[in-house]
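Enquirer: So I've got this file, data-v7.txt, and it contains compact mmCIF, C-alpha atoms and all ligand atoms:
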```txt
# COMPACT_ATOMS: atom_id res chain seq x y z
CA MET P 1 140.88 123.85 150.79
CA THR P 2 140.62 122.43 147.28
CA GLU P 3 141.23 124.97 144.57
CA PHE P 4 138.34 125.14 142.14
CA ILE P 5 139.42 124.36 138.58
CA GLN P 6 136.92 124.76 135.80
CA ALA P 7 136.59 121.61 133.64
CA ASP P 8 134.74 122.99 130.62
CA PHE P 9 137.09 124.54 128.04
CA SER P 10 137.32 125.78 124.49
CA MET P 11 139.94 124.51 122.06
CA ASP P 12 141.97 127.70 122.13
CA THR P 13 142.89 127.14 125.77
CA GLU P 14 146.63 126.79 126.38
CA LEU P 15 147.87 123.21 126.46
CA GLU P 16 149.50 123.72 129.87
CA ILE P 17 146.16 124.70 131.39
CA LEU P 18 144.40 121.67 129.91
CA LEU P 19 147.13 119.39 131.19
CA ALA P 20 146.89 120.93 134.65
CA VAL P 21 143.14 120.34 134.72
CA LEU P 22 143.49 116.72 133.60
CA ASN P 23 146.12 116.20 136.25
CA GLU P 24 144.15 117.87 139.03
CA ARG P 25 140.62 116.77 138.19
CA GLY P 26 141.09 113.61 136.12
CA PHE P 27 138.60 114.82 133.52
CA LEU P 28 138.05 117.63 131.07
CA LEU P 29 135.37 118.71 128.63
CA LEU P 30 136.56 120.32 125.41
CA ARG P 31 133.92 122.22 123.50
CA GLN P 32 133.73 121.91 119.72
CA ALA P 33 137.00 120.02 119.55
CA LEU P 34 136.25 117.40 116.90
CA PRO P 35 135.41 117.86 113.20
CA ILE P 36 131.63 117.86 112.74
CA LYS P 37 131.74 116.39 109.22
CA SER P 38 133.65 113.31 110.36
CA LEU P 39 131.28 112.91 113.30
CA GLN P 40 128.28 113.12 110.96
CA THR P 41 129.77 110.38 108.79
CA LEU P 42 130.30 108.26 111.88
CA TYR P 43 126.76 108.98 113.03
CA TRP P 44 125.36 107.51 109.78
CA LYS P 45 127.70 104.58 110.08
CA ALA P 46 126.51 103.97 113.63
CA LEU P 47 122.89 104.31 112.59
CA GLN P 48 123.32 101.65 109.93
CA ALA P 49 125.11 99.35 112.35
CA TYR P 50 122.28 99.67 114.89
CA ASN P 51 119.56 99.24 112.25
CA ARG P 52 121.20 96.03 111.15
CA ALA P 53 121.63 94.80 114.73
CA ASP P 54 118.01 95.69 115.62
CA PHE P 55 116.72 93.83 112.58
CA LEU P 56 118.77 90.72 113.30
CA HIS P 57 117.81 90.88 116.96
CA GLN P 58 114.09 91.08 116.11
CA GLN P 59 114.48 88.08 113.79
CA GLY P 60 116.34 86.17 116.50
CA ASN P 61 119.38 86.04 114.21
CA LEU P 62 121.85 88.29 115.97
CA PRO P 63 125.14 86.37 116.02
CA HIS P 64 126.07 85.13 119.46
CA ALA P 65 129.28 87.16 119.53
CA GLU P 66 127.28 90.37 119.03
CA LYS P 67 124.64 89.68 121.68
CA LEU P 68 126.88 90.77 124.52
CA PHE P 69 127.69 94.05 122.82
CA TYR P 70 124.03 94.62 121.98
CA GLN P 71 122.89 93.99 125.53
CA TYR P 72 124.96 96.96 126.71
CA GLY P 73 124.07 99.28 123.84
CA HIS P 74 127.18 98.52 121.76
CA VAL P 75 127.82 97.12 118.32
CA PRO P 76 131.16 95.34 117.70
CA PRO P 77 134.29 97.50 117.34
CA GLN P 78 134.64 96.82 113.62
CA ALA P 79 131.34 98.69 113.11
CA CYS P 80 133.24 101.91 113.97
CA TYR P 81 135.86 101.37 111.29
CA PHE P 82 135.74 101.80 107.52
CA PRO P 83 136.46 98.67 105.47
CA GLN P 84 139.24 100.27 103.41
CA ASP P 85 140.68 102.03 106.40
CA PRO P 86 140.25 99.76 109.39
CA TYR P 87 142.77 101.55 111.55
CA LEU P 88 142.97 105.22 110.95
CA ALA P 89 139.51 106.80 110.88
CA LEU P 90 139.19 107.22 114.63
CA VAL P 91 142.80 108.30 115.00
CA GLN P 92 142.20 110.96 112.34
CA LEU P 93 139.01 112.00 114.09
CA LEU P 94 141.09 112.68 117.19
CA LYS P 95 143.65 114.78 115.30
CA PRO P 96 142.76 118.08 117.02
CA LEU P 97 143.49 116.34 120.33
CA TRP P 98 146.83 114.81 119.31
CA PRO P 99 148.92 117.53 121.00
CA LEU P 100 147.02 117.07 124.26
CA LEU P 101 147.02 113.28 124.08
CA GLN P 102 150.69 113.16 123.19
CA ALA P 103 151.49 115.49 126.07
CA CYS P 104 149.71 113.33 128.64
CA ILE P 105 150.33 109.83 127.23
CA THR P 106 153.69 108.36 126.20
CA GLU P 107 153.31 107.12 122.62
CA PRO P 108 149.50 106.93 122.76
CA VAL P 109 147.73 103.97 121.23
CA LEU P 110 144.01 103.57 120.66
CA ILE P 111 142.62 100.31 122.06
CA TYR P 112 140.57 98.79 119.26
CA GLN P 113 138.30 96.52 121.33
CA ASN P 114 137.46 99.29 123.77
CA SER P 115 136.71 101.98 121.21
CA LEU P 116 133.01 101.56 120.55
CA PHE P 117 129.77 103.18 119.58
CA ARG P 118 127.11 103.21 122.25
CA ARG P 119 123.38 103.82 122.03
CA GLN P 120 121.29 104.89 124.97
CA MET P 121 117.52 104.85 124.66
CA PRO P 122 115.35 107.07 126.83
CA GLU P 123 113.10 104.23 127.92
CA ALA P 124 116.02 102.13 129.13
CA THR P 125 114.61 99.01 127.50
CA PHE P 126 117.16 96.63 126.02
CA SER P 127 120.07 98.99 126.58
CA PRO P 128 119.69 99.90 130.23
CA ALA P 129 121.46 102.98 131.56
CA LEU P 130 124.92 102.08 132.77
CA PRO P 131 125.28 102.37 136.56
CA TRP P 132 128.08 104.14 138.46
CA HIS P 133 131.31 102.34 137.67
CA GLN P 134 135.03 102.73 137.08
CA ASP P 135 136.31 101.56 133.70
CA ALA P 136 139.28 100.30 135.71
CA ALA P 137 137.07 97.34 136.68
CA PHE P 138 137.48 95.83 133.21
CA LEU P 139 140.57 97.67 131.95
CA SER P 140 142.92 96.97 134.85
CA PRO P 141 145.94 96.60 134.88
CA LEU P 142 146.03 99.14 132.03
CA ASN P 143 146.62 102.52 133.64
CA PRO P 144 146.07 105.29 132.90
CA VAL P 145 143.54 104.80 130.13
CA TRP P 146 141.92 107.97 128.81
CA ASN P 147 138.36 107.73 127.54
CA CYS P 148 137.57 110.28 124.82
CA TRP P 149 133.79 110.23 124.99
CA CYS P 150 132.03 112.10 122.22
CA PRO P 151 128.33 112.33 121.42
CA LEU P 152 127.20 111.73 117.85
CA GLN P 153 123.97 113.51 118.79
CA ASP P 154 123.40 116.38 121.20
CA CYS P 155 122.80 114.97 124.66
CA GLY P 156 122.33 115.75 128.33
CA LYS P 157 119.01 117.58 127.93
CA ASP P 158 116.49 115.76 125.74
CA ALA P 159 118.70 112.71 125.21
CA PRO P 160 120.70 110.76 127.81
CA GLY P 161 124.19 112.08 128.49
CA ILE P 162 126.95 111.04 130.82
CA GLU P 163 127.72 112.12 134.38
CA LEU P 164 130.86 112.06 136.46
CA LEU P 165 131.73 112.20 140.11
CA ASP P 166 133.95 115.23 140.56
CA PHE P 167 136.62 113.40 142.54
CA ASN P 168 139.98 112.40 141.14
CA ILE P 169 140.07 108.84 142.48
CA LYS P 170 143.61 107.45 142.29
CA GLU P 171 142.92 103.80 143.00
CA LYS P 172 140.75 101.03 141.67
CA LEU P 173 137.88 100.56 144.10
CA THR P 174 136.50 97.17 145.09
CA PRO P 175 132.89 96.98 143.91
CA PRO P 176 130.59 95.69 146.69
CA GLN P 177 128.96 93.07 144.42
CA GLN P 178 132.18 91.70 142.94
CA PRO P 179 132.37 87.98 143.79
CA ASN P 180 135.45 86.88 145.70
CA LYS P 181 138.48 86.20 143.49
CA HIS P 182 136.47 87.02 140.36
CA GLN P 183 138.51 89.00 137.85
CA ILE P 184 136.09 91.39 136.08
CA LYS P 185 136.45 91.48 132.31
CA ALA P 186 134.74 93.47 129.56
CA GLY P 187 131.34 91.89 128.93
CA ASP P 188 130.69 90.93 132.57
CA PRO P 189 127.34 92.23 133.84
CA TYR P 190 127.65 95.81 135.08
CA ASP P 191 125.93 94.78 138.33
CA LEU P 192 129.15 93.05 139.33
CA TYR P 193 131.11 96.28 139.35
CA ALA P 194 128.43 98.89 139.94
CA PHE P 195 128.48 101.33 142.84
CA SER P 196 125.29 102.60 144.43
CA GLU P 197 124.45 106.24 145.04
CA GLN P 198 124.66 105.49 148.76
CA PHE P 199 128.23 104.28 148.27
CA LEU P 200 129.12 107.55 146.55
CA THR P 201 127.43 109.64 149.23
CA SER P 202 129.11 107.81 152.08
CA HIS P 203 132.60 107.57 150.53
CA PHE P 204 132.72 110.93 148.76
CA PRO P 205 130.37 113.10 150.81
CA ASN P 206 131.73 116.40 149.50
CA ALA P 207 132.12 115.52 145.84
CA SER P 208 129.60 116.89 143.40
CA ILE P 209 128.21 115.17 140.34
CA TRP P 210 128.71 116.76 136.96
CA SER P 211 126.24 116.04 134.19
CA PRO P 212 127.12 118.32 131.28
CA GLU P 213 124.95 119.03 128.31
CA MET P 214 127.01 118.19 125.23
CA GLN P 215 126.79 119.04 121.56
CA VAL P 216 128.19 117.12 118.62
CA GLY P 217 131.84 118.20 118.39
CA ASP P 218 132.38 118.25 122.16
CA VAL P 219 134.59 115.64 123.77
CA LEU P 220 134.83 114.57 127.37
CA LEU P 221 138.14 113.10 128.50
CA PHE P 222 138.40 111.12 131.73
CA HIS P 223 140.66 108.43 133.12
CA GLU P 224 139.59 104.92 134.02
CA ARG P 225 139.29 105.53 137.78
CA ILE P 226 136.80 108.37 137.52
CA LEU P 227 133.36 107.17 138.62
CA HIS P 228 130.76 107.79 135.94
CA ARG P 229 127.41 106.54 134.63
CA THR P 230 124.78 107.24 132.00
CA ALA P 231 122.89 110.45 132.78
CA LEU P 232 119.29 109.44 132.19
CA GLN P 233 116.33 111.50 133.42
CA PRO P 234 112.63 110.61 133.04
CA SER P 235 112.13 113.83 131.06
CA MET P 236 114.52 112.67 128.32
CA HIS P 237 112.63 111.46 125.26
CA LYS P 238 115.34 111.05 122.60
CA SER P 239 117.95 108.36 121.94
CA ARG P 240 121.61 109.14 121.85
CA LEU P 241 124.45 107.61 119.87
CA SER P 242 127.96 108.23 121.11
CA LEU P 243 131.48 107.06 120.56
CA GLU P 244 133.93 106.17 123.30
CA MET P 245 137.58 105.89 122.32
CA ARG P 246 140.16 104.68 124.79
CA LEU P 247 143.85 105.47 124.69
CA VAL P 248 146.77 104.22 126.69
CA ALA P 249 150.55 104.49 126.60
CA LYS P 250 152.13 101.91 124.31
CA GLU P 251 154.61 100.93 127.00
CA ASN P 252 151.74 100.11 129.41
CA ALA P 253 149.86 97.95 126.92
CA GLN P 254 152.39 95.26 126.09
CA ASN P 255 150.06 92.46 127.19
CA CYS P 256 146.86 94.05 125.97
CA ASP P 257 144.67 91.53 124.17
CA SER P 258 143.50 93.95 121.48
CA LEU P 259 144.69 95.61 118.34
CA LEU P 260 146.49 98.83 119.30
CA ILE P 261 146.36 101.68 116.83
CA PRO P 262 149.18 104.22 117.25
CA LEU P 263 148.69 107.94 117.07
CA PRO P 264 151.29 109.59 114.82
CA GLY P 265 154.39 110.36 116.84
CA THR P 266 155.01 114.01 116.17
CA ARG P 267 152.78 116.93 117.04
CA ASN P 268 152.58 118.17 113.46
CA ALA P 269 152.24 114.82 111.72
O1 LIG A 301 127.32 105.78 127.21
C1 LIG A 301 127.06 105.88 128.39
O2 LIG A 301 125.94 106.20 128.80
C2 LIG A 301 128.11 105.61 129.44
C3 LIG A 301 129.44 105.36 128.80
C4 LIG A 301 130.45 104.76 129.71
O3 LIG A 301 130.17 104.30 130.78
C5 LIG A 301 131.82 104.73 129.24
O4 LIG A 301 132.14 105.28 128.16
O5 LIG A 301 132.67 104.16 129.96
```
Output the structure of this file as structure tokens.
Expert:
Amino acid sequence: MTEFIQADFSMDTELEILLAVLNERGFLLLRQALPIKSLQTLYWKALQAYNRADFLHQQGNLPHAEKLFYQYGHVPPQACYFPQDPYLALVQLLKPLWPLLQACITEPVLIYQNSLFRRQMPEATFSPALPWHQDAAFLSPLNPVWNCWCPLQDCGKDAPGIELLDFNIKEKLTPPQQPNKHQIKAGDPYDLYAFSEQFLTSHFPNASIWSPEMQVGDVLLFHERILHRTALQPSMHKSRLSLEMRLVAKENAQNCDSLLIPLPGTRNA
């Protein structure tokens, strides 16, 4: 029988317990973990980035390189960074999590290209809800990669949140729609690596789906093989901005085609 381990914790929980949960479940929600002031600053930054992108899109002037991001609810990674401090803002934001991240990742580095804002509209218009997928589809062979997913607005009730399959999948699954010999990369249509609800029900009949309500300050950690999707219900009438930050061990990212931003090496740095 599988032992039930709670996945929703406060920041004063012992590190060993958090590590055990991450190890057993592959995901973990930490309540009120991140500094609200920094998140508010990032929220305004994201808002400006989306206002600019919306305006350019309406005028038909959105640069080609940004169209792909925009189509999936993203703006380019540099929109998340401050001009005078292109590297450290997100790493500083994660500071309360450094002990945990350093305990579960060897010399953690933030992957610049995969640390992005995301906007999800309730009407699912030009940023459709993301279907069930594993991030492993586009991150492989990087492994493990931890997604620190944090809302910049409260979500999961009136605004779209995120939901996970409560099953610690150890391997990269083959998506049914993936064309033969096609190597999925970031920016490929999600349809190519989506999994249907029927797939989940038939392959993981006993696994439940977890769709937490989250407040600004909460952070959800999960590895790249956990199946997840946007949690979007017809009753939701607000938009949500969020930030996903991905971290990997430096030693596993030697061939990573992205700027890697190191977390400070000591627990008290
Ligand atoms: O923002 C969302 O709705 C889903 C995010 C997601 O799929 C991810 O962070 O990998």
Enquirer: Within 10 Å of ligand LIG 301 (chain A), which residues show up when you count all atoms listed in the file? List them as a PyMOL selection string, please.
Expert: chain P and resi 72-74+114-121+127-136+147-151+160-164+190+220-224+226-232+240-246
Enquirer: Between atom CA of P:Ser10 and atom CA of P:Leu29, what distance in Å does the model show, to one decimal?
Expert: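 Here the two named atoms are 8.4 Å from each other.
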Enquirer: In terms of the shortest atom-to-atom distance over all atoms listed in the file, which of P:Val145, P:Cys155, P:Ala79, P:Leu42 is closest to P:Cys104?
Expert: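 Of P:Val145, P:Cys155, P:Ala79, P:Leu42, the one nearest P:Cys104 is P:Val145, counting all atoms listed in the file.
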Enquirer: Give me the residues near P:Ala249 as a list of chain:residue names, where near means some atom within 9 Å (using all atoms listed in the file) and where sequence neighbours in that chain fewer than 6 positions away do not count.
Expert: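 My reading of the contact set: P:Ile105, P:Thr106, P:Glu107, P:Pro108, P:Val109, P:Leu110, P:Leu142, P:Asn143, P:Pro144, P:Val145.
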Enquirer: Could the residues in this selection be saved with C-alpha atoms as a JSON list (two decimals), in the frame of the given file?
Expert:
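File produced: result_1.json:
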```json
[["chain", "number", "residue", "atom", "x", "y", "z"],
["P", 105, "ILE", "CA", 150.33, 109.83, 127.23],
["P", 106, "THR", "CA", 153.69, 108.36, 126.20],
["P", 107, "GLU", "CA", 153.31, 107.12, 122.62],
["P", 108, "PRO", "CA", 149.50, 106.93, 122.76],
["P", 109, "VAL", "CA", 147.73, 103.97, 121.23],
["P", 110, "LEU", "CA", 144.01, 103.57, 120.66],
["P", 142, "LEU", "CA", 146.03, 99.14, 132.03],
["P", 143, "ASN", "CA", 146.62, 102.52, 133.64],
["P", 144, "PRO", "CA", 146.07, 105.29, 132.90],
["P", 145, "VAL", "CA", 143.54, 104.80, 130.13]]
```
Enquirer: Pick out the closest residue to P:Gln153 from this set: P:Leu93, P:Ala207, P:Leu173, P:Met214. Count all atoms listed in the file.
Expert: P:Met214
Enquirer: Record the distance separating atom CA of P:Asp218 and atom CA of P:Gln32, expressed in Å with one decimal.
Expert: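 Result for atom CA of P:Asp218 versus atom CA of P:Gln32: 4.6 Å, one decimal.
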Enquirer: Report as a Markdown table the residues of stretch 157-205 of chain P within 12 Å of stretch 20-24 of chain P, each with its shortest atom pair and distance in Å (one decimal), using all atoms listed in the file, ordered by chain and increasing residue number.
Expert:
```
| residue | atom | partner | partner_atom | distance |
| --- | --- | --- | --- | --- |
| P:Asp166 | CA | P:Glu24 | CA | 10.6 |
| P:Phe167 | CA | P:Glu24 | CA | 9.4 |
| P:Asn168 | CA | P:Glu24 | CA | 7.2 |
| P:Ile169 | CA | P:Glu24 | CA | 10.5 |
| P:Lys170 | CA | P:Asn23 | CA | 10.9 |
```
